[in-house]
>>> print(open('input_9.pdb').read())   # PDB, C-alpha atoms
MODEL        1
ATOM      1  CA  MET Y   1       4.258   0.285   8.704  1.00  0.00           C
ATOM      2  CA  THR Y   2       3.986  -2.977  10.575  1.00  0.00           C
ATOM      3  CA  ASP Y   3       6.735  -5.599  10.582  1.00  0.00           C
ATOM      4  CA  ALA Y   4       5.107  -9.025  10.413  1.00  0.00           C
ATOM      5  CA  SER Y   5       8.274 -11.098  10.173  1.00  0.00           C
ATOM      6  CA  ASN Y   6       7.552 -12.847  13.482  1.00  0.00           C
ATOM      7  CA  SER Y   7       3.798 -13.002  13.015  1.00  0.00           C
ATOM      8  CA  SER Y   8       1.439 -15.688  11.767  1.00  0.00           C
ATOM      9  CA  ILE Y   9      -0.465 -13.436   9.348  1.00  0.00           C
ATOM     10  CA  ASP Y  10      -1.937 -15.338   6.399  1.00  0.00           C
ATOM     11  CA  LEU Y  11      -0.903 -13.342   3.338  1.00  0.00           C
ATOM     12  CA  SER Y  12      -2.317 -15.809   0.830  1.00  0.00           C
ATOM     13  CA  SER Y  13      -5.536 -13.820   0.495  1.00  0.00           C
ATOM     14  CA  GLY Y  14      -6.818 -10.394   1.319  1.00  0.00           C
ATOM     15  CA  TYR Y  15      -3.525  -8.641   0.657  1.00  0.00           C
ATOM     16  CA  TYR Y  16      -2.035  -6.909  -2.371  1.00  0.00           C
ATOM     17  CA  SER Y  17       1.602  -6.728  -3.330  1.00  0.00           C
ATOM     18  CA  ILE Y  18       3.105  -3.353  -4.183  1.00  0.00           C
ATOM     19  CA  SER Y  19       3.125  -4.375  -7.847  1.00  0.00           C
ATOM     20  CA  GLU Y  20      -0.600  -5.141  -7.706  1.00  0.00           C
ATOM     21  CA  CYS Y  21      -1.305  -1.778  -6.074  1.00  0.00           C
ATOM     22  CA  ALA Y  22       0.794  -0.013  -8.700  1.00  0.00           C
ATOM     23  CA  LYS Y  23      -1.112  -1.695 -11.519  1.00  0.00           C
ATOM     24  CA  ARG Y  24      -4.469  -0.763  -9.981  1.00  0.00           C
ATOM     25  CA  LEU Y  25      -3.352   2.869  -9.723  1.00  0.00           C
ATOM     26  CA  ALA Y  26      -1.548   3.002 -13.095  1.00  0.00           C
ATOM     27  CA  LYS Y  27       1.663   3.994 -11.302  1.00  0.00           C
ATOM     28  CA  THR Y  28       5.081   2.411 -11.011  1.00  0.00           C
ATOM     29  CA  PRO Y  29       6.088   0.360  -7.976  1.00  0.00           C
ATOM     30  CA  GLN Y  30       8.790   3.004  -7.377  1.00  0.00           C
ATOM     31  CA  THR Y  31       6.066   5.644  -6.979  1.00  0.00           C
ATOM     32  CA  ILE Y  32       4.245   3.453  -4.461  1.00  0.00           C
ATOM     33  CA  TYR Y  33       7.463   2.957  -2.457  1.00  0.00           C
ATOM     34  CA  MET Y  34       8.029   6.734  -2.514  1.00  0.00           C
ATOM     35  CA  TRP Y  35       4.493   7.284  -1.156  1.00  0.00           C
ATOM     36  CA  ILE Y  36       5.117   4.662   1.547  1.00  0.00           C
ATOM     37  CA  ASP Y  37       8.355   6.402   2.575  1.00  0.00           C
ATOM     38  CA  LYS Y  38       6.505   9.732   2.773  1.00  0.00           C
ATOM     39  CA  GLY Y  39       3.601   8.242   4.728  1.00  0.00           C
ATOM     40  CA  GLN Y  40       1.194   9.031   1.884  1.00  0.00           C
ATOM     41  CA  PHE Y  41       0.023   5.508   1.126  1.00  0.00           C
ATOM     42  CA  ALA Y  42      -2.351   2.972   2.632  1.00  0.00           C
ATOM     43  CA  PRO Y  43      -1.020   1.136   5.703  1.00  0.00           C
ATOM     44  CA  VAL Y  44       1.472  -1.579   4.773  1.00  0.00           C
ATOM     45  CA  ILE Y  45       3.045  -4.515   6.522  1.00  0.00           C
ATOM     46  CA  LYS Y  46       6.534  -5.756   5.816  1.00  0.00           C
ATOM     47  CA  VAL Y  47       7.250  -9.474   5.726  1.00  0.00           C
ATOM     48  CA  GLY Y  48      10.990  -9.898   5.365  1.00  0.00           C
ATOM     49  CA  SER Y  49      11.787  -7.584   2.468  1.00  0.00           C
ATOM     50  CA  THR Y  50       8.276  -7.747   0.984  1.00  0.00           C
ATOM     51  CA  TYR Y  51       5.640  -5.088   1.542  1.00  0.00           C
ATOM     52  CA  MET Y  52       1.973  -6.126   1.542  1.00  0.00           C
ATOM     53  CA  VAL Y  53      -1.176  -4.026   1.725  1.00  0.00           C
ATOM     54  CA  ASN Y  54      -4.429  -5.212   3.258  1.00  0.00           C
ATOM     55  CA  ALA Y  55      -6.943  -5.203   0.404  1.00  0.00           C
ATOM     56  CA  GLN Y  56      -9.722  -3.549   2.418  1.00  0.00           C
ATOM     57  CA  GLU Y  57      -7.407  -0.842   3.767  1.00  0.00           C
ATOM     58  CA  PHE Y  58      -6.183  -0.207   0.204  1.00  0.00           C
ATOM     59  CA  GLU Y  59      -9.770   0.160  -1.041  1.00  0.00           C
ATOM     60  CA  ASP Y  60     -10.600   2.455   1.891  1.00  0.00           C
ATOM     61  CA  TRP Y  61      -7.510   4.553   1.101  1.00  0.00           C
ATOM     62  CA  ILE Y  62      -8.580   4.901  -2.548  1.00  0.00           C
ATOM     63  CA  THR Y  63     -12.084   5.901  -1.431  1.00  0.00           C
ATOM     64  CA  SER Y  64     -10.656   8.578   0.874  1.00  0.00           C
ATOM     65  CA  ILE Y  65      -8.624  10.008  -2.017  1.00  0.00           C
ATOM     66  CA  ILE Y  66     -11.675  10.087  -4.285  1.00  0.00           C
ATOM     67  CA  ARG Y  67     -13.643  11.880  -1.561  1.00  0.00           C
ATOM     68  CA  GLY Y  68     -10.814  14.382  -1.111  1.00  0.00           C
ATOM     69  CA  ASP Y  69      -9.948  13.305   2.434  1.00  0.00           C
ATOM     70  CA  SER Y  70      -6.316  12.745   1.538  1.00  0.00           C
ATOM     71  CA  ILE Y  71      -3.860  14.263  -0.909  1.00  0.00           C
ATOM     72  CA  VAL Y  72      -1.199  12.261  -2.725  1.00  0.00           C
ATOM     73  CA  GLU Y  73       1.611  14.018  -4.542  1.00  0.00           C
ATOM     74  CA  GLU Y  74       2.073  13.144  -8.190  1.00  0.00           C
ATOM     75  CA  ASP Y  75       5.260  11.494  -9.438  1.00  0.00           C
ATOM     76  CA  ILE Y  76       8.305  13.682  -9.064  1.00  0.00           C
TER
ENDMDL
END
>>> encode(input="input_9.pdb", output="C-alpha cells")
Amino acid sequence: MTDASNSSIDLSSGYYSISECAKRLAKTPQTIYMWIDKGQFAPVIKVGSTYMVNAQEFEDWITSIIRGDSIVEEDI
C-alpha cells in the first residue's frame, strides 16, 4: 500500500474507490478491505483515510485471477 497523503496524485480519473471495486466484483467493501489487509488485492494507495485503486492495476489484477495466476480467498 502506498500513502499518497503528501503527494500530488490526481485521483479524479483513472482510480476506483473501494466501493466501486466491490460493486464490480459483487462483493462487500468489507471483503475488499479484508483482502487488502491480507495482501490479496490489487495495489492500493491511501489518501488520508480513503483507499484508491489504480484502474489499470485493478483490471490487471482481475485478469491475473481469471488466468489463475493469483488466488483470492472467498468471504469468511
>>> resolve_selection(input="input_9.pdb", expression="the PyMOL selection byres ((chain Y and resi 15-19) around 9)", output="PDB file with C-alpha atoms, in the coordinates of the input")
ATOM      1  CA  ASP Y  10      -1.937 -15.338   6.399  1.00  0.00           C
ATOM      2  CA  LEU Y  11      -0.903 -13.342   3.338  1.00  0.00           C
ATOM      3  CA  SER Y  12      -2.317 -15.809   0.830  1.00  0.00           C
ATOM      4  CA  SER Y  13      -5.536 -13.820   0.495  1.00  0.00           C
ATOM      5  CA  GLY Y  14      -6.818 -10.394   1.319  1.00  0.00           C
ATOM      6  CA  GLU Y  20      -0.600  -5.141  -7.706  1.00  0.00           C
ATOM      7  CA  CYS Y  21      -1.305  -1.778  -6.074  1.00  0.00           C
ATOM      8  CA  ALA Y  22       0.794  -0.013  -8.700  1.00  0.00           C
ATOM      9  CA  LYS Y  23      -1.112  -1.695 -11.519  1.00  0.00           C
ATOM     10  CA  ARG Y  24      -4.469  -0.763  -9.981  1.00  0.00           C
ATOM     11  CA  THR Y  28       5.081   2.411 -11.011  1.00  0.00           C
ATOM     12  CA  PRO Y  29       6.088   0.360  -7.976  1.00  0.00           C
ATOM     13  CA  ILE Y  32       4.245   3.453  -4.461  1.00  0.00           C
ATOM     14  CA  TYR Y  33       7.463   2.957  -2.457  1.00  0.00           C
ATOM     15  CA  THR Y  50       8.276  -7.747   0.984  1.00  0.00           C
ATOM     16  CA  TYR Y  51       5.640  -5.088   1.542  1.00  0.00           C
ATOM     17  CA  MET Y  52       1.973  -6.126   1.542  1.00  0.00           C
ATOM     18  CA  VAL Y  53      -1.176  -4.026   1.725  1.00  0.00           C
ATOM     19  CA  ASN Y  54      -4.429  -5.212   3.258  1.00  0.00           C
ATOM     20  CA  ALA Y  55      -6.943  -5.203   0.404  1.00  0.00           C
ATOM     21  CA  GLN Y  56      -9.722  -3.549   2.418  1.00  0.00           C
ATOM     22  CA  PHE Y  58      -6.183  -0.207   0.204  1.00  0.00           C
TER      23      PHE Y  58
END
>>> atom_distance(input="input_9.pdb", atom1="CA of Gly48 (chain Y)", atom2="CA of Asp60 (chain Y)")
25.1 Å
>>> atom_distance(input="input_9.pdb", atom1="CA of Glu59 (chain Y)", atom2="CA of Asp37 (chain Y)")
19.5 Å
>>> axis_aligned_box(input="input_9.pdb", around="region 41-48 of chain Y", padding_each_side="8 Å", output="lines of an AutoDock Vina configuration file")
center_x = 4.3
center_y = -2.2
center_z = 3.8
size_x = 29.3
size_y = 31.4
size_z = 21.4
